[in-house]
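**Student:** Supplied in structure tokens, the structure appears directly below.
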Amino acid sequence: MNRQLFVGPVIHTDDEGQLVVLQRAAILVENGKIISISENPQPGDVSADYVRVLSVRQFLIPGFIDGHIHAAQFPNLGVGYDKHLLDWLEAYTFPLEKKYADAGFAEHVYEAVIKRTLTMGTTTACYFASLHRESSVILAKQAAKFGQRCLIGKVNMNQTRKDGYCETTEESITCTRKFIEDIAKINSSLVKPIITPRFALSCDMELMTKLGNMAKEKDLHVQTHISENLDEIEAVTTTYREYPSYSAVYDAAGLLGSKTILAHGIHLGDTELALLKTRECSIIHCPSSNTCLRSGLCDVKRLKDRGLKVGLGTDVAGGDSSCILAAMRAAIQVSNHLAILNPGYSPLTHKDVFHLATLGGAAALAMDDETGNFSPGKQFDALVIDLNVSSGPLDDLVEYSLDENLQRLVYSGDDRNIVEVYVAGKRVK
Ligand code: GUN
Ligand code: ZN
């Protein structure tokens with residue numbers, strides 16, 4: 001048995017969603033799982049094989065959850081924000097994703113993706129790979145090797161395209177079944193497959209229905225995009241005239257359930273929100289991407305008020321950073337812009353985005369029984385934060401409270417302030 005003890009200031013969210021700030025706590029971890037969290041521990045209270053006492057001014061927080069990231073698009077970070085979504089997909093995204101027909105290229109990029117996102121503090125990620133099964137399995141193997149908790153989707157697209165970046169319905173289904181078997185063979189408790197129809201413009205109703213059935217048959221998560229861009233929505237409603245809304249298209253395919261993760265959801269109407277709530281779906285807010293591609297200002301408060309589970313996504317490479325800290329900051333900025341435009345609107349706070357990035361994200365991925373906070377029984381997925389690293393963006397020149405230090409991290413910190421990262425108790429940075 002391997003027992004670890006972490007002692008120092010701790011900030012996390014309790015199971016009721018309230019921010020908890022502990023000046024001095026001890027977290028006991030056994031074989032990667034949290035056994036207890038106690039306040040004001042005394043020396044010698046518990047014994048452990050490994051004891052990590054945080055230095056003054058360091059603090060522990062739960063690992064970040066990236067609810068929507070395209071691993072295949074990682075090389076394009078920072079490129080191509082001159083276009084809106086549909087033109088951006090054609091000009092920059094599909095040409096890059098086609099390259100993953102080459103497994104060597106996948107190996108090269110996916111190792112970098114997993115290493116980089118772990119460095120950024122992402123302990124759990126929900127990935128889109130590309131159409132290619134072999135390359136998608138390489139992503140899963142890299143995640144298992146370097147120790148990131150994740151859901152990985154081989155992307156499905158059966159709408160014919162001139163550039164050949166598409167598959168037949170039969171190929172799509174056969175490959176997806178094989179992909180699920182391949183992931184099972186990796187035999188990692190950290191890595192799971194997720195059914196990934198790209199969006200309603202890339203798949204027809206037959207394929208989406210078959211994928212919906214597969215998700216039910218195998219009790220798998222589902223992810224796709226929804227209501228991101230006005231031209232996209234118009235194209236969806238034109239293509240699927242017989243359905244009353246974008247959400248109704250996915251519902252007709254049987255894709256909506258309590259393990260369905262929908263990225264963006266900026267322009268959803270009230271009836272759609274009610275449907276998604278009934279089906280217990282989650283929305284992943286992708287504020288950097290929504291701004292870079294000028295898709296819109298997503299009102300997260302409205303989504304939460306309607307009872308939807310909401311998490312945060314970097315949406316690399318629609319978003320310009322693979323760091324969830326940047327997504328937290330972008331979420332606040334978008335919310336502030338909504339407040340400027342709508343007097344009386346109360347914007348998201350640092351506490352709100354901290355919740356979205358941790359326990360809220362875990363709940364959105366239906367993984368809050370495993371991760372998201374430091375409740376006993378969960379996996380120890382954690383970050384050690386140090387705001388005073390000499391290479392970092394901040395200097396500790398005066399004393400701040402722990403809550404103020406959380407604000408400084410959210411508003412002004414970066415990955416240099418994330419000095420240690422743990423997934424299931426294993427140090428991965
Ligand atoms: N909609 C369909 N595919 C994509 C994608 O790759 N990125 C984003 N942001 N939206 C999409
Ligand atoms: Zn996306």
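Simple scheme: letters A, B, ... for chains in structure tokens order, numbers from 1 for residues in each chain, numbers from 1 for ligands in the order shown.
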What lies within 7 Å of region 147-163 of chain A using only C-alpha atoms, ignoring chain neighbours under 2 positions off, as number ranges by chain?

**Tutor:** A: 123-133, 136, 140, 143-145, 165-169, 172, 176, 190-198, 202-204, 423, 428

**Student:** With N, CA and C atoms retained, could you export that selection as a tab-separated table (two decimals), in the first residue's frame?

**Tutor:**
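Result saved to selection-v3.tsv:
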chain	number	residue	atom	x	y	z
A	123	THR	N	-5.62	17.90	-15.58
A	123	THR	CA	-5.50	16.52	-15.11
A	123	THR	C	-6.54	15.62	-15.77
A	124	THR	N	-7.64	16.24	-16.26
A	124	THR	CA	-8.66	15.49	-17.01
A	124	THR	C	-8.99	16.26	-18.27
A	125	ALA	N	-9.01	15.55	-19.42
A	125	ALA	CA	-9.34	16.22	-20.69
A	125	ALA	C	-10.33	15.38	-21.48
A	126	CYS	N	-11.21	16.08	-22.20
A	126	CYS	CA	-12.16	15.41	-23.07
A	126	CYS	C	-11.76	15.78	-24.51
A	127	TYR	N	-11.14	14.81	-25.19
A	127	TYR	CA	-10.47	15.08	-26.47
A	127	TYR	C	-11.29	14.67	-27.69
A	128	PHE	N	-11.24	15.50	-28.72
A	128	PHE	CA	-11.53	15.08	-30.10
A	128	PHE	C	-10.17	14.74	-30.70
A	129	ALA	N	-10.05	13.58	-31.36
A	129	ALA	CA	-8.83	13.29	-32.14
A	129	ALA	C	-9.14	13.65	-33.59
A	130	SER	N	-9.06	12.70	-34.51
A	130	SER	CA	-9.40	12.96	-35.92
A	130	SER	C	-10.20	11.74	-36.41
A	131	LEU	N	-10.44	11.68	-37.71
A	131	LEU	CA	-11.20	10.53	-38.26
A	131	LEU	C	-10.45	9.21	-38.11
A	132	HIS	N	-9.12	9.29	-37.96
A	132	HIS	CA	-8.29	8.10	-38.11
A	132	HIS	C	-8.21	7.28	-36.83
A	133	ARG	N	-8.58	6.01	-36.94
A	133	ARG	CA	-8.60	5.14	-35.76
A	133	ARG	C	-7.19	4.94	-35.18
A	136	SER	N	-5.94	7.93	-33.39
A	136	SER	CA	-6.72	8.20	-32.17
A	136	SER	C	-6.27	7.27	-31.05
A	140	ALA	N	-4.61	7.94	-27.17
A	140	ALA	CA	-4.98	7.23	-25.93
A	140	ALA	C	-3.75	6.62	-25.26
A	143	ALA	N	-1.73	9.30	-23.53
A	143	ALA	CA	-2.38	9.73	-22.28
A	143	ALA	C	-2.12	8.72	-21.17
A	144	ALA	N	-2.25	7.44	-21.52
A	144	ALA	CA	-2.01	6.38	-20.52
A	144	ALA	C	-0.54	6.41	-20.08
A	145	LYS	N	0.36	6.62	-21.04
A	145	LYS	CA	1.80	6.61	-20.74
A	145	LYS	C	2.19	7.76	-19.80
A	165	TYR	N	-11.64	14.05	-46.73
A	165	TYR	CA	-11.62	13.94	-45.26
A	165	TYR	C	-13.03	13.57	-44.77
A	166	CYS	N	-13.40	12.31	-45.02
A	166	CYS	CA	-14.72	11.80	-44.65
A	166	CYS	C	-14.65	10.28	-44.74
A	167	GLU	N	-15.70	9.62	-44.31
A	167	GLU	CA	-15.75	8.16	-44.32
A	167	GLU	C	-17.16	7.74	-44.69
A	168	THR	N	-17.32	6.49	-45.10
A	168	THR	CA	-18.68	6.00	-45.35
A	168	THR	C	-19.30	5.68	-43.98
A	169	THR	N	-20.62	5.51	-44.00
A	169	THR	CA	-21.30	5.19	-42.73
A	169	THR	C	-20.72	3.88	-42.18
A	172	SER	N	-17.29	4.31	-40.76
A	172	SER	CA	-17.36	5.10	-39.53
A	172	SER	C	-17.76	4.21	-38.34
A	176	THR	N	-15.26	2.82	-35.39
A	176	THR	CA	-15.55	3.26	-34.03
A	176	THR	C	-15.63	2.05	-33.09
A	190	LEU	N	-7.29	5.25	-16.56
A	190	LEU	CA	-7.41	6.69	-16.82
A	190	LEU	C	-8.10	7.02	-18.14
A	191	VAL	N	-8.06	6.11	-19.10
A	191	VAL	CA	-8.45	6.45	-20.48
A	191	VAL	C	-9.71	5.72	-20.91
A	192	LYS	N	-10.70	6.50	-21.38
A	192	LYS	CA	-11.96	5.89	-21.84
A	192	LYS	C	-12.33	6.44	-23.21
A	193	PRO	N	-13.06	5.67	-24.01
A	193	PRO	CA	-13.51	6.18	-25.32
A	193	PRO	C	-14.78	7.01	-25.18
A	194	ILE	N	-15.00	7.90	-26.12
A	194	ILE	CA	-16.23	8.70	-26.15
A	194	ILE	C	-16.73	8.75	-27.60
A	195	ILE	N	-18.01	8.57	-27.80
A	195	ILE	CA	-18.61	8.61	-29.14
A	195	ILE	C	-18.61	10.06	-29.61
A	196	THR	N	-18.10	10.31	-30.85
A	196	THR	CA	-17.80	11.68	-31.26
A	196	THR	C	-18.27	12.04	-32.68
A	197	PRO	N	-19.61	12.13	-32.89
A	197	PRO	CA	-20.05	12.69	-34.17
A	197	PRO	C	-19.64	14.16	-34.19
A	198	ARG	N	-18.93	14.61	-35.23
A	198	ARG	CA	-18.33	15.95	-35.17
A	198	ARG	C	-19.37	17.04	-34.93
A	202	SER	N	-21.62	17.39	-40.37
A	202	SER	CA	-20.63	16.41	-40.83
A	202	SER	C	-21.20	15.00	-40.90
A	203	CYS	N	-22.36	14.79	-40.28
A	203	CYS	CA	-22.92	13.44	-40.18
A	203	CYS	C	-24.36	13.47	-40.65
A	204	ASP	N	-24.84	12.37	-41.26
A	204	ASP	CA	-26.28	12.33	-41.56
A	204	ASP	C	-27.03	11.65	-40.42
A	423	VAL	N	-1.95	13.19	-10.84
A	423	VAL	CA	-3.15	12.50	-11.32
A	423	VAL	C	-3.19	11.14	-10.63
A	428	VAL	N	2.94	14.03	-12.14
A	428	VAL	CA	3.14	14.06	-13.59
A	428	VAL	C	3.76	15.37	-14.05

**Student:** Which residues are near Cys323 (chain A)? Cut-off 10 Å, only C-alpha atoms, ignore same chain within fewer than 6 positions. Put them as a tab-separated table (two decimals) with N, CA, C and O atoms, in the first residue's frame.

**Tutor:**
chain	number	residue	atom	x	y	z
A	64	PHE	N	-7.22	20.77	-13.08
A	64	PHE	CA	-8.17	21.40	-14.00
A	64	PHE	C	-8.77	20.38	-14.96
A	64	PHE	O	-8.11	19.41	-15.35
A	66	ASP	N	-10.43	20.06	-18.66
A	66	ASP	CA	-10.69	20.66	-19.97
A	66	ASP	C	-11.79	19.83	-20.65
A	66	ASP	O	-11.55	18.72	-21.11
A	116	ARG	N	2.15	18.88	-22.82
A	116	ARG	CA	1.86	20.31	-22.67
A	116	ARG	C	0.64	20.54	-21.77
A	116	ARG	O	0.66	21.38	-20.88
A	117	THR	N	-0.43	19.78	-22.00
A	117	THR	CA	-1.65	20.02	-21.21
A	117	THR	C	-1.44	19.63	-19.75
A	117	THR	O	-1.96	20.29	-18.85
A	118	LEU	N	-0.64	18.59	-19.50
A	118	LEU	CA	-0.33	18.25	-18.10
A	118	LEU	C	0.44	19.40	-17.45
A	118	LEU	O	0.17	19.77	-16.30
A	119	THR	N	1.38	19.96	-18.18
A	119	THR	CA	2.14	21.10	-17.65
A	119	THR	C	1.22	22.27	-17.32
A	119	THR	O	1.46	23.02	-16.38
A	120	MET	N	0.17	22.41	-18.12
A	120	MET	CA	-0.79	23.50	-17.92
A	120	MET	C	-1.77	23.20	-16.77
A	120	MET	O	-2.68	23.98	-16.51
A	121	GLY	N	-1.66	22.01	-16.17
A	121	GLY	CA	-2.52	21.68	-15.04
A	121	GLY	C	-3.79	20.95	-15.40
A	121	GLY	O	-4.68	20.77	-14.55
A	122	THR	N	-3.90	20.51	-16.65
A	122	THR	CA	-5.10	19.74	-17.05
A	122	THR	C	-4.91	18.29	-16.63
A	122	THR	O	-4.16	17.55	-17.25
A	313	GLY	N	-13.99	24.68	-21.58
A	313	GLY	CA	-13.12	24.04	-22.56
A	313	GLY	C	-12.17	25.04	-23.18
A	313	GLY	O	-12.50	26.22	-23.35
A	314	THR	N	-10.97	24.56	-23.54
A	314	THR	CA	-10.04	25.43	-24.27
A	314	THR	C	-10.42	25.47	-25.75
A	314	THR	O	-10.11	26.42	-26.45
A	316	VAL	N	-9.03	24.10	-28.14
A	316	VAL	CA	-7.87	24.16	-29.05
A	316	VAL	C	-8.29	23.51	-30.37
A	316	VAL	O	-8.90	22.44	-30.36
A	414	ASP	N	-0.04	31.99	-14.47
A	414	ASP	CA	0.01	31.11	-15.65
A	414	ASP	C	0.63	29.77	-15.25
A	414	ASP	O	0.80	29.51	-14.05
A	415	ASP	N	0.95	28.95	-16.24
A	415	ASP	CA	1.39	27.59	-15.92
A	415	ASP	C	2.69	27.55	-15.12
A	415	ASP	O	2.99	26.55	-14.47

**Student:** Any idea what the distance is between CA of Ser38 (chain A) and CA of Asn388 (chain A)?

**Tutor:**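 Value for the CA of Ser38 (chain A)-CA of Asn388 (chain A) distance: 26.0 Å.
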
**Student:** Pick from A:Gly254, A:Pro95, A:Gly307, A:Pro244: nearest to Met208 (chain A), with only C-alpha atoms counted?

**Tutor:** A:Gly254

**Student:** Find the residues near ligand 1. Use a cut-off of 10 Å, count only C-alpha atoms and all ligand atoms, and write them as a ChimeraX atom specification.

**Tutor:** /A:68-70,72-73,84-86,88-90,92-94,97,128-130,155,157,197-202,224-229,232,263-264,286,289-290,292-293,295,314-319

**Student:** Excluding Glu30 (chain A) and any residue of its chain fewer than 6 positions from it, enumerate the residues within 7 Å of it, using only C-alpha atoms, and give them as a PyMOL selection string.

**Tutor:** chain A and resi 1-4

**Student:** Of the residues A:Ser375, A:His267, A:Ser401, A:Gln223, which is the one nearest to ligand 2, using only C-alpha atoms and all ligand atoms?

**Tutor:**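 Of A:Ser375, A:His267, A:Ser401, A:Gln223, the one nearest ligand 2 is A:Gln223, counting only C-alpha atoms and all ligand atoms.
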
**Student:** Calculated over only C-alpha atoms, which of the candidates A:Asp299, A:Val21, A:Lys429, A:Val410 has the smallest distance to Glu39 (chain A)?

**Tutor:**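 Under the stated criterion, the closest residue is A:Val21.
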